[in-house]
file work_20.pdb (PDB, C-alpha atoms)
MODEL        1
ATOM      1  CA  MET T 649       0.000   0.000   0.000
ATOM      2  CA  ASP T 650       1.252   3.417  -0.841
ATOM      3  CA  TYR T 651       1.383   5.807   2.045
ATOM      4  CA  GLY T 652       3.068   8.566   0.101
ATOM      5  CA  HIS T 653       6.579   9.258  -0.925
ATOM      6  CA  SER T 654       8.174  10.938   2.035
ATOM      7  CA  GLU T 655      10.281   8.740   4.247
ATOM      8  CA  ARG T 656      10.562   9.583   7.888
ATOM      9  CA  PRO T 657      12.750  12.678   8.051
ATOM     10  CA  ALA T 658      15.589  12.837  10.534
ATOM     11  CA  ASP T 659      14.518  14.409  13.801
ATOM     12  CA  SER T 660      16.303  17.623  12.973
ATOM     13  CA  ALA T 661      15.040  17.905   9.400
ATOM     14  CA  PRO T 662      12.176  20.265   8.642
ATOM     15  CA  LEU T 663       8.898  18.453   8.195
ATOM     16  CA  PRO T 664       6.839  18.904   5.071
ATOM     17  CA  THR T 665       3.800  21.123   5.402
ATOM     18  CA  ALA T 666       0.361  20.524   3.991
ATOM     19  CA  VAL T 667      -2.174  22.715   2.257
ATOM     20  CA  LYS T 668      -5.676  21.899   1.103
ATOM     21  CA  ILE T 669      -8.159  22.602  -1.617
ATOM     22  CA  LEU T 670     -11.831  21.758  -1.314
ATOM     23  CA  VAL T 671     -14.022  20.119  -3.932
ATOM     24  CA  ALA T 672     -17.658  21.022  -3.362
ATOM     25  CA  GLY T 673     -20.925  20.650  -5.229
ATOM     26  CA  GLY T 674     -24.161  18.745  -5.129
ATOM     27  CA  PHE T 675     -24.664  15.071  -4.412
ATOM     28  CA  GLY T 676     -23.474  12.814  -7.213
ATOM     29  CA  VAL T 677     -21.818  15.578  -9.195
ATOM     30  CA  GLY T 678     -18.448  13.845  -9.261
ATOM     31  CA  LYS T 679     -16.566  15.259  -6.262
ATOM     32  CA  THR T 680     -15.012  11.973  -5.217
ATOM     33  CA  THR T 681     -14.362  11.098  -8.857
ATOM     34  CA  MET T 682     -12.359  14.279  -9.312
ATOM     35  CA  VAL T 683     -10.499  13.814  -6.030
ATOM     36  CA  GLY T 684      -9.586  10.294  -7.083
ATOM     37  CA  ALA T 685      -8.618  11.267 -10.621
ATOM     38  CA  VAL T 686      -5.978  13.772  -9.569
ATOM     39  CA  SER T 687      -4.757  12.113  -6.375
ATOM     40  CA  GLU T 688      -1.775   9.805  -6.191
ATOM     41  CA  THR T 689      -3.767   7.175  -4.325
ATOM     42  CA  ARG T 690      -7.366   6.067  -4.388
ATOM     43  CA  PRO T 691      -9.595   8.444  -2.431
ATOM     44  CA  LEU T 692      -9.571   7.807   1.300
ATOM     45  CA  ARG T 693     -12.488   8.321   3.599
ATOM     46  CA  THR T 694     -12.359   9.872   7.017
ATOM     47  CA  GLU T 695     -15.162  10.248   9.466
ATOM     48  CA  GLU T 696     -15.928  12.732  12.160
ATOM     49  CA  VAL T 697     -18.350  11.641  14.831
ATOM     50  CA  LEU T 698     -20.294  14.661  15.909
ATOM     51  CA  THR T 699     -22.220  14.820  19.112
ATOM     52  CA  ALA T 700     -25.346  16.830  19.531
ATOM     53  CA  GLY T 701     -24.092  18.386  22.717
ATOM     54  CA  GLY T 702     -26.605  18.345  25.512
ATOM     55  CA  ALA T 703     -29.604  18.430  23.224
ATOM     56  CA  ALA T 704     -32.722  16.712  24.432
ATOM     57  CA  VAL T 705     -33.246  13.437  22.665
ATOM     58  CA  ASP T 706     -36.488  12.852  20.860
ATOM     59  CA  ASP T 707     -38.518  10.084  22.337
ATOM     60  CA  LEU T 708     -38.588   7.401  19.695
ATOM     61  CA  SER T 709     -39.366   4.358  21.758
ATOM     62  CA  GLY T 710     -38.041   1.189  20.246
ATOM     63  CA  VAL T 711     -35.884   3.052  17.792
ATOM     64  CA  GLU T 712     -32.194   3.158  18.445
ATOM     65  CA  GLU T 713     -31.589   6.666  19.662
ATOM     66  CA  LYS T 714     -28.706   8.547  18.245
ATOM     67  CA  THR T 715     -27.252  11.702  19.654
ATOM     68  CA  THR T 716     -24.343  11.518  17.298
ATOM     69  CA  THR T 717     -23.954  11.901  13.581
ATOM     70  CA  THR T 718     -21.153  10.636  11.423
ATOM     71  CA  VAL T 719     -19.948  12.903   8.670
ATOM     72  CA  ALA T 720     -17.802  11.242   6.032
ATOM     73  CA  MET T 721     -15.327  13.097   3.884
ATOM     74  CA  ASP T 722     -13.456  11.692   0.926
ATOM     75  CA  PHE T 723     -10.024  13.061   0.332
ATOM     76  CA  GLY T 724      -6.878  12.524  -1.654
ATOM     77  CA  ARG T 725      -3.270  13.536  -1.651
ATOM     78  CA  ILE T 726      -0.851  15.006  -4.159
ATOM     79  CA  THR T 727       2.769  15.171  -3.046
ATOM     80  CA  ILE T 728       4.038  18.353  -4.673
ATOM     81  CA  SER T 729       7.598  18.157  -3.372
ATOM     82  CA  ASP T 730       9.591  16.876  -0.424
ATOM     83  CA  ASP T 731       8.341  19.742   1.683
ATOM     84  CA  LEU T 732       4.840  20.361   0.355
ATOM     85  CA  VAL T 733       1.776  18.116   0.248
ATOM     86  CA  LEU T 734      -1.570  19.101  -1.226
ATOM     87  CA  TYR T 735      -4.758  17.506   0.087
ATOM     88  CA  LEU T 736      -8.065  17.583  -1.745
ATOM     89  CA  PHE T 737     -11.190  17.263   0.347
ATOM     90  CA  GLY T 738     -14.598  16.500  -1.033
ATOM     91  CA  THR T 739     -17.017  18.417   1.147
ATOM     92  CA  PRO T 740     -19.868  16.525   2.780
ATOM     93  CA  GLY T 741     -22.902  17.234   0.679
ATOM     94  CA  GLN T 742     -25.590  17.740   3.258
ATOM     95  CA  ASP T 743     -26.454  21.294   4.136
ATOM     96  CA  ARG T 744     -26.776  20.501   7.813
ATOM     97  CA  PHE T 745     -23.048  19.910   7.994
ATOM     98  CA  TRP T 746     -22.068  23.528   7.427
ATOM     99  CA  PHE T 747     -20.032  23.520  10.622
ATOM    100  CA  VAL T 748     -17.865  20.776   9.145
ATOM    101  CA  TRP T 749     -17.375  23.009   6.145
ATOM    102  CA  ASP T 750     -16.252  25.780   8.482
ATOM    103  CA  GLU T 751     -13.423  23.613   9.760
ATOM    104  CA  LEU T 752     -12.538  22.377   6.297
ATOM    105  CA  THR T 753     -12.541  25.858   4.798
ATOM    106  CA  LEU T 754     -10.257  27.278   7.444
ATOM    107  CA  GLY T 755      -6.873  27.704   5.821
ATOM    108  CA  ALA T 756      -7.958  26.254   2.465
ATOM    109  CA  LEU T 757      -6.253  27.764  -0.553
ATOM    110  CA  GLY T 758      -9.523  27.706  -2.434
ATOM    111  CA  ALA T 759     -12.435  25.612  -3.592
ATOM    112  CA  VAL T 760     -13.648  23.964  -6.758
ATOM    113  CA  VAL T 761     -17.426  24.005  -7.081
ATOM    114  CA  LEU T 762     -18.397  21.157  -9.376
ATOM    115  CA  ALA T 763     -21.606  21.732 -11.285
ATOM    116  CA  ASP T 764     -23.846  19.528 -13.369
ATOM    117  CA  THR T 765     -25.861  21.540 -15.882
ATOM    118  CA  ARG T 766     -28.785  19.129 -15.558
ATOM    119  CA  ARG T 767     -29.005  20.065 -11.882
ATOM    120  CA  LEU T 768     -27.358  23.420 -11.739
ATOM    121  CA  ALA T 769     -29.273  24.487  -8.642
ATOM    122  CA  ASP T 770     -27.485  21.797  -6.631
ATOM    123  CA  CYS T 771     -24.356  23.900  -6.541
ATOM    124  CA  PHE T 772     -26.061  27.110  -5.341
ATOM    125  CA  PRO T 773     -25.412  26.384  -1.631
ATOM    126  CA  SER T 774     -21.699  25.836  -2.279
ATOM    127  CA  VAL T 775     -21.418  29.031  -4.312
ATOM    128  CA  ASP T 776     -23.263  30.968  -1.602
ATOM    129  CA  TYR T 777     -21.091  29.506   1.098
ATOM    130  CA  PHE T 778     -17.749  30.362  -0.500
ATOM    131  CA  GLU T 779     -18.965  33.830  -1.490
ATOM    132  CA  ARG T 780     -19.934  34.512   2.114
ATOM    133  CA  ARG T 781     -16.688  33.120   3.475
ATOM    134  CA  GLY T 782     -14.588  35.004   0.959
ATOM    135  CA  THR T 783     -12.923  31.742  -0.095
ATOM    136  CA  PRO T 784     -11.486  31.886  -3.620
ATOM    137  CA  PHE T 785     -13.457  29.500  -5.811
ATOM    138  CA  LEU T 786     -14.279  28.669  -9.371
ATOM    139  CA  VAL T 787     -17.070  26.698 -10.971
ATOM    140  CA  ALA T 788     -16.104  23.626 -12.971
ATOM    141  CA  VAL T 789     -18.924  22.256 -15.094
ATOM    142  CA  ASN T 790     -18.577  18.495 -15.206
ATOM    143  CA  CYS T 791     -19.412  17.352 -18.723
ATOM    144  CA  PHE T 792     -21.495  14.268 -18.172
ATOM    145  CA  GLU T 793     -22.245  12.263 -21.236
ATOM    146  CA  GLY T 794     -25.567  13.302 -22.610
ATOM    147  CA  ALA T 795     -25.549  16.523 -20.673
ATOM    148  CA  ARG T 796     -26.566  19.563 -22.591
ATOM    149  CA  ARG T 797     -23.523  21.666 -23.330
ATOM    150  CA  PHE T 798     -24.543  24.982 -21.904
ATOM    151  CA  GLU T 799     -22.554  27.973 -22.914
ATOM    152  CA  LEU T 800     -20.324  28.881 -20.021
ATOM    153  CA  ASP T 801     -21.724  32.403 -20.036
ATOM    154  CA  GLU T 802     -25.185  30.969 -19.511
ATOM    155  CA  VAL T 803     -23.950  29.054 -16.473
ATOM    156  CA  LYS T 804     -22.305  32.161 -15.144
ATOM    157  CA  ALA T 805     -25.520  34.124 -15.559
ATOM    158  CA  ALA T 806     -27.658  31.372 -14.083
ATOM    159  CA  LEU T 807     -25.451  31.224 -11.005
ATOM    160  CA  ASN T 808     -25.355  35.018 -10.783
ATOM    161  CA  LEU T 809     -21.610  34.845 -10.369
ATOM    162  CA  ASP T 810     -19.263  37.717  -9.978
ATOM    163  CA  PRO T 811     -17.758  38.250 -13.454
ATOM    164  CA  GLU T 812     -14.323  37.513 -12.041
ATOM    165  CA  VAL T 813     -15.197  33.981 -10.945
ATOM    166  CA  PRO T 814     -13.815  31.574 -13.532
ATOM    167  CA  VAL T 815     -16.230  29.066 -15.044
ATOM    168  CA  LEU T 816     -14.788  26.223 -17.030
ATOM    169  CA  LEU T 817     -15.659  22.848 -18.438
ATOM    170  CA  CYS T 818     -14.070  19.732 -17.074
ATOM    171  CA  ASP T 819     -14.229  15.985 -17.088
ATOM    172  CA  ALA T 820     -13.964  14.886 -13.464
ATOM    173  CA  ARG T 821     -12.767  11.444 -14.537
ATOM    174  CA  GLN T 822      -9.720  12.780 -16.324
ATOM    175  CA  ARG T 823      -6.578  13.501 -14.392
ATOM    176  CA  SER T 824      -5.371  16.119 -16.881
ATOM    177  CA  SER T 825      -8.711  17.895 -16.717
ATOM    178  CA  GLY T 826      -8.704  17.904 -12.912
ATOM    179  CA  LYS T 827      -5.179  19.272 -12.909
ATOM    180  CA  GLN T 828      -6.215  22.110 -15.221
ATOM    181  CA  VAL T 829      -9.094  22.962 -12.896
ATOM    182  CA  LEU T 830      -6.785  23.084  -9.877
ATOM    183  CA  ILE T 831      -4.242  25.214 -11.709
ATOM    184  CA  ALA T 832      -6.991  27.625 -12.813
ATOM    185  CA  LEU T 833      -8.213  27.847  -9.218
ATOM    186  CA  LEU T 834      -4.736  28.613  -7.880
ATOM    187  CA  GLU T 835      -4.146  31.246 -10.562
ATOM    188  CA  HIS T 836      -7.472  32.814  -9.633
ATOM    189  CA  ALA T 837      -6.656  32.759  -5.913
ATOM    190  CA  LYS T 838      -3.296  34.346  -6.620
ATOM    191  CA  LYS T 839      -4.950  37.110  -8.605
ATOM    192  CA  LEU T 840      -7.427  37.803  -5.789
ATOM    193  CA  ARG T 841      -4.568  38.047  -3.298
ATOM    194  CA  ALA T 842      -2.734  40.494  -5.523
ATOM    195  CA  GLN T 843      -5.864  42.634  -5.798
ATOM    196  CA  ALA T 844      -6.432  42.535  -2.053
ATOM    197  CA  SER T 845      -2.907  43.632  -1.252
ATOM    198  CA  SER T 846      -2.733  46.464  -3.791
TER     199      SER T 846
ATOM    200  CA  MET I1415     -18.076   0.932  33.760
ATOM    201  CA  THR I1416     -15.670   3.343  35.301
ATOM    202  CA  VAL I1417     -14.600   6.577  33.819
ATOM    203  CA  ASN I1418     -11.356   8.001  34.975
ATOM    204  CA  GLY I1419     -10.543  11.672  34.910
ATOM    205  CA  GLY I1420     -11.967  14.191  32.477
ATOM    206  CA  ALA I1421     -14.058  17.226  33.122
ATOM    207  CA  GLU I1422     -17.203  15.656  31.706
ATOM    208  CA  PRO I1423     -17.079  12.083  32.951
ATOM    209  CA  ASP I1424     -20.583  11.226  31.866
ATOM    210  CA  GLN I1425     -20.428  12.486  28.343
ATOM    211  CA  TRP I1426     -19.508   9.227  26.647
ATOM    212  CA  VAL I1427     -21.202   6.684  28.850
ATOM    213  CA  ASP I1428     -24.820   7.496  28.168
ATOM    214  CA  GLU I1429     -26.386   4.059  28.113
ATOM    215  CA  GLN I1430     -28.466   5.049  25.120
ATOM    216  CA  ALA I1431     -25.554   6.081  22.969
ATOM    217  CA  GLY I1432     -25.145   2.502  21.842
ATOM    218  CA  SER I1433     -22.278   1.374  19.709
ATOM    219  CA  VAL I1434     -21.103   4.907  19.175
ATOM    220  CA  VAL I1435     -19.353   4.724  22.519
ATOM    221  CA  ARG I1436     -16.909   2.155  21.289
ATOM    222  CA  PRO I1437     -14.287   4.413  19.712
ATOM    223  CA  TYR I1438     -14.159   6.336  22.942
ATOM    224  CA  LEU I1439     -13.627   3.187  24.926
ATOM    225  CA  LEU I1440     -10.437   2.791  22.940
ATOM    226  CA  THR I1441      -9.369   6.121  24.336
ATOM    227  CA  ARG I1442     -10.537   5.146  27.814
ATOM    228  CA  GLY I1443     -13.333   7.643  27.714
ATOM    229  CA  ARG I1444     -11.237  10.611  26.758
ATOM    230  CA  ALA I1445     -12.707  12.930  24.186
ATOM    231  CA  ARG I1446      -9.780  15.303  23.842
ATOM    232  CA  PRO I1447      -6.062  14.888  23.364
ATOM    233  CA  VAL I1448      -3.796  15.483  26.343
ATOM    234  CA  ALA I1449      -1.348  17.411  24.191
ATOM    235  CA  GLY I1450      -1.131  19.127  20.832
ATOM    236  CA  THR I1451      -3.608  20.380  18.273
ATOM    237  CA  PHE I1452      -4.390  18.320  15.231
ATOM    238  CA  ASP I1453      -5.873  19.763  12.107
ATOM    239  CA  LEU I1454      -7.086  17.236   9.539
ATOM    240  CA  ILE I1455      -3.982  18.047   7.514
ATOM    241  CA  SER I1456      -1.470  18.389  10.312
ATOM    242  CA  LEU I1457       1.386  16.129   9.232
ATOM    243  CA  VAL I1458       2.656  13.527  11.661
ATOM    244  CA  THR I1459       5.999  11.748  11.619
ATOM    245  CA  ALA I1460       7.156   9.053  14.027
ATOM    246  CA  LYS I1461      10.326   9.833  15.922
ATOM    247  CA  ARG I1462      11.186   6.177  16.406
ATOM    248  CA  PRO I1463      10.707   2.918  14.513
ATOM    249  CA  THR I1464       8.443   1.552  17.262
ATOM    250  CA  ALA I1465       6.944   2.781  20.483
ATOM    251  CA  GLY I1466       9.434   0.521  22.239
ATOM    252  CA  THR I1467       9.530  -0.291  25.889
ATOM    253  CA  SER I1468       9.124   3.291  27.025
ATOM    254  CA  ALA I1469       5.530   3.208  25.978
ATOM    255  CA  ALA I1470       3.677   2.084  29.045
ATOM    256  CA  GLY I1471      -0.026   2.699  28.659
ATOM    257  CA  LEU I1472       0.024   2.777  24.893
ATOM    258  CA  GLY I1473      -2.281   0.426  23.068
ATOM    259  CA  PRO I1474      -2.187  -1.288  19.696
ATOM    260  CA  GLU I1475      -3.658   1.781  17.990
ATOM    261  CA  HIS I1476      -0.698   3.849  19.159
ATOM    262  CA  GLN I1477       1.671   1.236  17.760
ATOM    263  CA  THR I1478      -0.178   1.209  14.458
ATOM    264  CA  ILE I1479       0.046   4.992  14.207
ATOM    265  CA  ILE I1480       3.783   4.867  14.820
ATOM    266  CA  GLU I1481       4.171   2.246  12.113
ATOM    267  CA  LEU I1482       2.080   4.298   9.681
ATOM    268  CA  CYS I1483       3.990   7.456  10.485
ATOM    269  CA  GLN I1484       7.352   6.058   9.464
ATOM    270  CA  ARG I1485       6.237   7.968   6.396
ATOM    271  CA  VAL I1486       4.709  11.403   6.765
ATOM    272  CA  GLN I1487       0.948  11.127   7.196
ATOM    273  CA  SER I1488      -1.812  13.634   7.732
ATOM    274  CA  VAL I1489      -4.234  13.217  10.614
ATOM    275  CA  ALA I1490      -6.950  12.500   8.045
ATOM    276  CA  GLU I1491      -4.882   9.715   6.472
ATOM    277  CA  ILE I1492      -4.141   8.140   9.825
ATOM    278  CA  ALA I1493      -7.849   8.142  10.664
ATOM    279  CA  ALA I1494      -8.705   6.626   7.290
ATOM    280  CA  HIS I1495      -6.130   3.849   7.615
ATOM    281  CA  LEU I1496      -7.176   3.024  11.178
ATOM    282  CA  ASP I1497     -10.836   3.282  10.173
ATOM    283  CA  LEU I1498     -11.550   5.332  13.262
ATOM    284  CA  PRO I1499     -13.196   8.726  13.680
ATOM    285  CA  VAL I1500     -10.824  11.661  13.520
ATOM    286  CA  GLY I1501     -11.691  12.688  17.076
ATOM    287  CA  THR I1502     -10.524   9.334  18.387
ATOM    288  CA  VAL I1503      -7.288   9.500  16.442
ATOM    289  CA  ARG I1504      -6.612  12.966  17.827
ATOM    290  CA  VAL I1505      -6.673  11.515  21.339
ATOM    291  CA  PHE I1506      -4.128   8.835  20.395
ATOM    292  CA  LEU I1507      -1.934  11.440  18.743
ATOM    293  CA  GLY I1508      -2.057  13.533  21.891
ATOM    294  CA  ASP I1509      -0.676  10.589  23.844
ATOM    295  CA  LEU I1510       2.110  10.154  21.313
ATOM    296  CA  VAL I1511       3.013  13.843  21.442
ATOM    297  CA  ALA I1512       3.024  13.704  25.232
ATOM    298  CA  GLY I1513       5.332  10.667  25.023
ATOM    299  CA  ASP I1514       7.616  12.473  22.578
ATOM    300  CA  LEU I1515       7.069   9.719  20.022
ATOM    301  CA  VAL I1516       5.874  11.796  17.072
ATOM    302  CA  ARG I1517       6.512  15.164  15.496
ATOM    303  CA  VAL I1518       3.614  17.229  14.243
ATOM    304  CA  GLN I1519       3.756  19.917  11.591
ATOM    305  CA  GLN I1520       0.794  22.289  11.502
ATOM    306  CA  PRO I1521      -0.622  23.155   8.079
ATOM    307  CA  ARG I1522       0.661  26.128   6.183
ATOM    308  CA  ILE I1523      -1.825  28.954   5.952
ATOM    309  CA  PRO I1524      -0.639  31.511   3.432
ATOM    310  CA  ALA I1525      -1.354  34.625   5.452
ATOM    311  CA  ASP I1526       1.089  37.009   3.843
ATOM    312  CA  PRO I1527      -0.624  38.270   0.675
ATOM    313  CA  SER I1528       2.690  39.349  -0.816
ATOM    314  CA  ASP I1529       4.046  35.823  -0.615
ATOM    315  CA  ASP I1530       2.728  33.753  -3.496
ATOM    316  CA  SER I1531       5.464  31.168  -3.279
ATOM    317  CA  ILE I1532       3.158  28.412  -2.141
ATOM    318  CA  PHE I1533       0.740  29.035  -5.016
ATOM    319  CA  GLU I1534       3.618  29.055  -7.492
ATOM    320  CA  ALA I1535       5.040  25.874  -6.027
ATOM    321  CA  ILE I1536       1.751  24.002  -6.338
ATOM    322  CA  ILE I1537       0.997  25.289  -9.830
ATOM    323  CA  ASN I1538       4.452  24.220 -10.995
ATOM    324  CA  GLY I1539       4.146  20.922  -9.160
ATOM    325  CA  LEU I1540       0.786  20.171 -10.765
ATOM    326  CA  ARG I1541       2.076  21.057 -14.220
ATOM    327  CA  ALA I1542       4.986  18.682 -13.722
ATOM    328  CA  LEU I1543       2.787  15.738 -12.694
TER     329      LEU I1543
ENDMDL
END

call {"tool": "encode", "arguments": {"input": "work_20.pdb", "output": "structure tokens"}}
result
Amino acid sequence: MDYGHSERPADSAPLPTAVKILVAGGFGVGKTTMVGAVSETRPLRTEEVLTAGGAAVDDLSGVEEKTTTTVAMDFGRITISDDLVLYLFGTPGQDRFWFVWDELTLGALGAVVLADTRRLADCFPSVDYFERRGTPFLVAVNCFEGARRFELDEVKAALNLDPEVPVLLCDARQRSSGKQVLIALLEHAKKLRAQASS
Amino acid sequence: MTVNGGAEPDQWVDEQAGSVVRPYLLTRGRARPVAGTFDLISLVTAKRPTAGTSAAGLGPEHQTIIELCQRVQSVAEIAAHLDLPVGTVRVFLGDLVAGDLVRVQQPRIPADPSDDSIFEAIINGLRAL
């Protein structure tokens, strides 16, 4: 099994650092597919067990009562160099897990919002979220077979996006396509930083 | 069942919580690490090949983490490989930090807007893949 390239550094050697990019979008839009396509290993899954702290439990006699919820996140890894590792996290799709998004978004370089033109509305919550948080993001339209090829300008208008937000086509199954999306996102984030500091 | 220590001793032993309690039994009822902070992408490296004989009180999960972390691993990867919730793994990692058995590197957050080096490095790295 491949655990990544970096051997255990000597105790005195600097450790590599990690950065992350999020992949968001509606259920079934291809988030995990994209994470897997660009990652060096198959996507991994991690779970957070969340406790509804102190909340009264509904009385559902005979039903197993649960005061906890498990949120699963799929993620992948790209080792950029000996001292830099990029992680891609697919965001949990359910809206009620916004607080998990808050933790994931903290420190993220940016976010890819995957969209499916047959269900464009599914990506509205992600777009709203990253706009509110001020997280750099772009919209990548996953070209499913049989999907109507909307003009990108139409998508941009339908999502009411800031004109600066890049919208591009992608194929979430293709590594090269995923790479192009990530590069476009990082270029966009860089541009936003330059604007903010000028 | 006895619960030792902790500010909220009853939190994890609700009889109705069912099987969910089990990961926390592994940590002997502790919900929080004794040392360190662990982001999902904090990177962990073992300081030794094994926990060795100095590791009184460490369980098999600690040993597994040390084996995994012979190569640099994120907290998220460790949790995925152990198939345990991240919160549980954080507790184990706290024990290992307290025992000086692992090194932890916090994630890089590019705060300085004039420093684009990290963006450049990733863009170039992705192009080279």

call {"tool": "residues_near_point", "arguments": {"input": "work_20.pdb", "point": "(3.7, 8.9, 24.6)", "cutoff": "12 Å", "atoms": "all atoms listed in the file", "output": "ChimeraX atom specification"}}
result
/I:1447-1450,1460-1462,1464-1473,1476-1477,1479-1480,1505-1517

call {"tool": "closest_atom_pairs", "arguments": {"input": "work_20.pdb", "of": "chain I", "to": "chain T", "cutoff": "9 Å", "atoms": "only C-alpha atoms", "output": "tab-separated table"}}
result
residue	atom	partner	partner_atom	distance
I:Gln1425	CA	T:Gly701	CA	8.9
I:Gln1430	CA	T:Glu713	CA	6.5
I:Ala1431	CA	T:Lys714	CA	6.2
I:Gly1432	CA	T:Glu712	CA	7.9
I:Val1434	CA	T:Thr716	CA	7.6
I:Asp1453	CA	T:Glu751	CA	8.8
I:Leu1454	CA	T:Leu752	CA	8.2
I:Ile1455	CA	T:Ala666	CA	6.1
I:Ser1456	CA	T:Ala666	CA	6.9
I:Leu1457	CA	T:Thr665	CA	6.7
I:Val1458	CA	T:Leu663	CA	8.7
I:Thr1459	CA	T:Arg656	CA	6.3
I:Ala1460	CA	T:Arg656	CA	7.0
I:Lys1461	CA	T:Asp659	CA	6.6
I:Leu1482	CA	T:Tyr651	CA	7.8
I:Cys1483	CA	T:Arg656	CA	7.4
I:Gln1484	CA	T:Arg656	CA	5.0
I:Arg1485	CA	T:Glu655	CA	4.6
I:Val1486	CA	T:Ser654	CA	5.9
I:Gln1487	CA	T:Tyr651	CA	7.4
I:Ser1488	CA	T:Ala666	CA	8.1
I:Ala1490	CA	T:Thr694	CA	6.1
I:Glu1491	CA	T:Leu692	CA	7.2
I:Ile1492	CA	T:Thr694	CA	8.9
I:Ala1493	CA	T:Thr694	CA	6.1
I:Ala1494	CA	T:Thr694	CA	4.9
I:His1495	CA	T:Leu692	CA	8.2
I:Asp1497	CA	T:Thr694	CA	7.5
I:Leu1498	CA	T:Glu695	CA	7.2
I:Pro1499	CA	T:Glu695	CA	4.9
I:Val1500	CA	T:Glu696	CA	5.4
I:Gly1501	CA	T:Glu696	CA	6.5
I:Thr1502	CA	T:Val697	CA	8.9
I:Arg1517	CA	T:Asp659	CA	8.2
I:Val1518	CA	T:Leu663	CA	8.1
I:Gln1519	CA	T:Thr665	CA	6.3
I:Gln1520	CA	T:Thr665	CA	6.9
I:Pro1521	CA	T:Ala666	CA	5.0
I:Arg1522	CA	T:Val667	CA	5.9
I:Ile1523	CA	T:Gly755	CA	5.2
I:Pro1524	CA	T:Gly755	CA	7.7
I:Ala1525	CA	T:Gly755	CA	8.9
I:Pro1527	CA	T:Arg841	CA	5.6
I:Ser1528	CA	T:Ser845	CA	7.1
I:Asp1530	CA	T:Lys838	CA	6.8
I:Ile1532	CA	T:Leu732	CA	8.6
I:Phe1533	CA	T:Leu834	CA	6.2
I:Glu1534	CA	T:Leu834	CA	8.4
I:Ala1535	CA	T:Ile728	CA	7.7
I:Ile1536	CA	T:Ile728	CA	6.3
I:Ile1537	CA	T:Ile831	CA	5.6
I:Asn1538	CA	T:Ile728	CA	8.6
I:Gly1539	CA	T:Ile728	CA	5.2
I:Leu1540	CA	T:Lys827	CA	6.4
I:Arg1541	CA	T:Lys827	CA	7.6
I:Leu1543	CA	T:Ile728	CA	8.5

call {"tool": "atom_distance", "arguments": {"input": "work_20.pdb", "atom1": "atom CA of Gly673 of chain T", "atom2": "atom CA of Phe747 of chain T"}}
result
16.1 Å

call {"tool": "closest_residue", "arguments": {"input": "work_20.pdb", "among": "T:Leu786, T:Ala685, T:Ala672, T:Val829", "to": "Glu812 of chain T", "atoms": "only C-alpha atoms"}}
result
T:Leu786

call {"tool": "resolve_selection", "arguments": {"input": "work_20.pdb", "expression": "the PyMOL selection byres ((chain T and resi 801) around 12)", "output": "PyMOL selection string"}}
result
chain T and resi 787+789+797-800+802-811+813-817

call {"tool": "atom_distance", "arguments": {"input": "work_20.pdb", "atom1": "atom CA of Gly678 of chain T", "atom2": "atom CA of Ala820 of chain T"}}
result
6.2 Å

call {"tool": "atom_distance", "arguments": {"input": "work_20.pdb", "atom1": "atom CA of Leu1496 of chain I", "atom2": "atom CA of Arg690 of chain T"}}
result
15.9 Å

call {"tool": "closest_residue", "arguments": {"input": "work_20.pdb", "among": "I:Ser1531, I:Asp1526, I:Ala1542, I:Val1489", "to": "Thr1451 of chain I", "atoms": "only C-alpha atoms"}}
result
I:Val1489

call {"tool": "axis_aligned_box", "arguments": {"input": "work_20.pdb", "around": "segment 664-676 of chain T", "padding_each_side": "5 Å", "output": "AutoDock Vina command-line options"}}
result
--center_x -8.9 --center_y 17.8 --center_z -0.9 --size_x 41.5 --size_y 19.9 --size_z 22.6

call {"tool": "decode", "arguments": {"input": "work_20.pdb", "residues": "segment 759-786 of chain T", "atoms": "C-alpha atoms", "output": "PDB file, in the first residue's frame"}}
result
ATOM      1  CA  ALA T 759     -12.435  25.612  -3.592  1.00  0.00           C
ATOM      2  CA  VAL T 760     -13.648  23.964  -6.758  1.00  0.00           C
ATOM      3  CA  VAL T 761     -17.426  24.005  -7.081  1.00  0.00           C
ATOM      4  CA  LEU T 762     -18.397  21.157  -9.376  1.00  0.00           C
ATOM      5  CA  ALA T 763     -21.606  21.732 -11.285  1.00  0.00           C
ATOM      6  CA  ASP T 764     -23.846  19.528 -13.369  1.00  0.00           C
ATOM      7  CA  THR T 765     -25.861  21.540 -15.882  1.00  0.00           C
ATOM      8  CA  ARG T 766     -28.785  19.129 -15.558  1.00  0.00           C
ATOM      9  CA  ARG T 767     -29.005  20.065 -11.882  1.00  0.00           C
ATOM     10  CA  LEU T 768     -27.358  23.420 -11.739  1.00  0.00           C
ATOM     11  CA  ALA T 769     -29.273  24.487  -8.642  1.00  0.00           C
ATOM     12  CA  ASP T 770     -27.485  21.797  -6.631  1.00  0.00           C
ATOM     13  CA  CYS T 771     -24.356  23.900  -6.541  1.00  0.00           C
ATOM     14  CA  PHE T 772     -26.061  27.110  -5.341  1.00  0.00           C
ATOM     15  CA  PRO T 773     -25.412  26.384  -1.631  1.00  0.00           C
ATOM     16  CA  SER T 774     -21.699  25.836  -2.279  1.00  0.00           C
ATOM     17  CA  VAL T 775     -21.418  29.031  -4.312  1.00  0.00           C
ATOM     18  CA  ASP T 776     -23.263  30.968  -1.602  1.00  0.00           C
ATOM     19  CA  TYR T 777     -21.091  29.506   1.098  1.00  0.00           C
ATOM     20  CA  PHE T 778     -17.749  30.362  -0.500  1.00  0.00           C
ATOM     21  CA  GLU T 779     -18.965  33.830  -1.490  1.00  0.00           C
ATOM     22  CA  ARG T 780     -19.934  34.512   2.114  1.00  0.00           C
ATOM     23  CA  ARG T 781     -16.688  33.120   3.475  1.00  0.00           C
ATOM     24  CA  GLY T 782     -14.588  35.004   0.959  1.00  0.00           C
ATOM     25  CA  THR T 783     -12.923  31.742  -0.095  1.00  0.00           C
ATOM     26  CA  PRO T 784     -11.486  31.886  -3.620  1.00  0.00           C
ATOM     27  CA  PHE T 785     -13.457  29.500  -5.811  1.00  0.00           C
ATOM     28  CA  LEU T 786     -14.279  28.669  -9.371  1.00  0.00           C
TER      29      LEU T 786
END
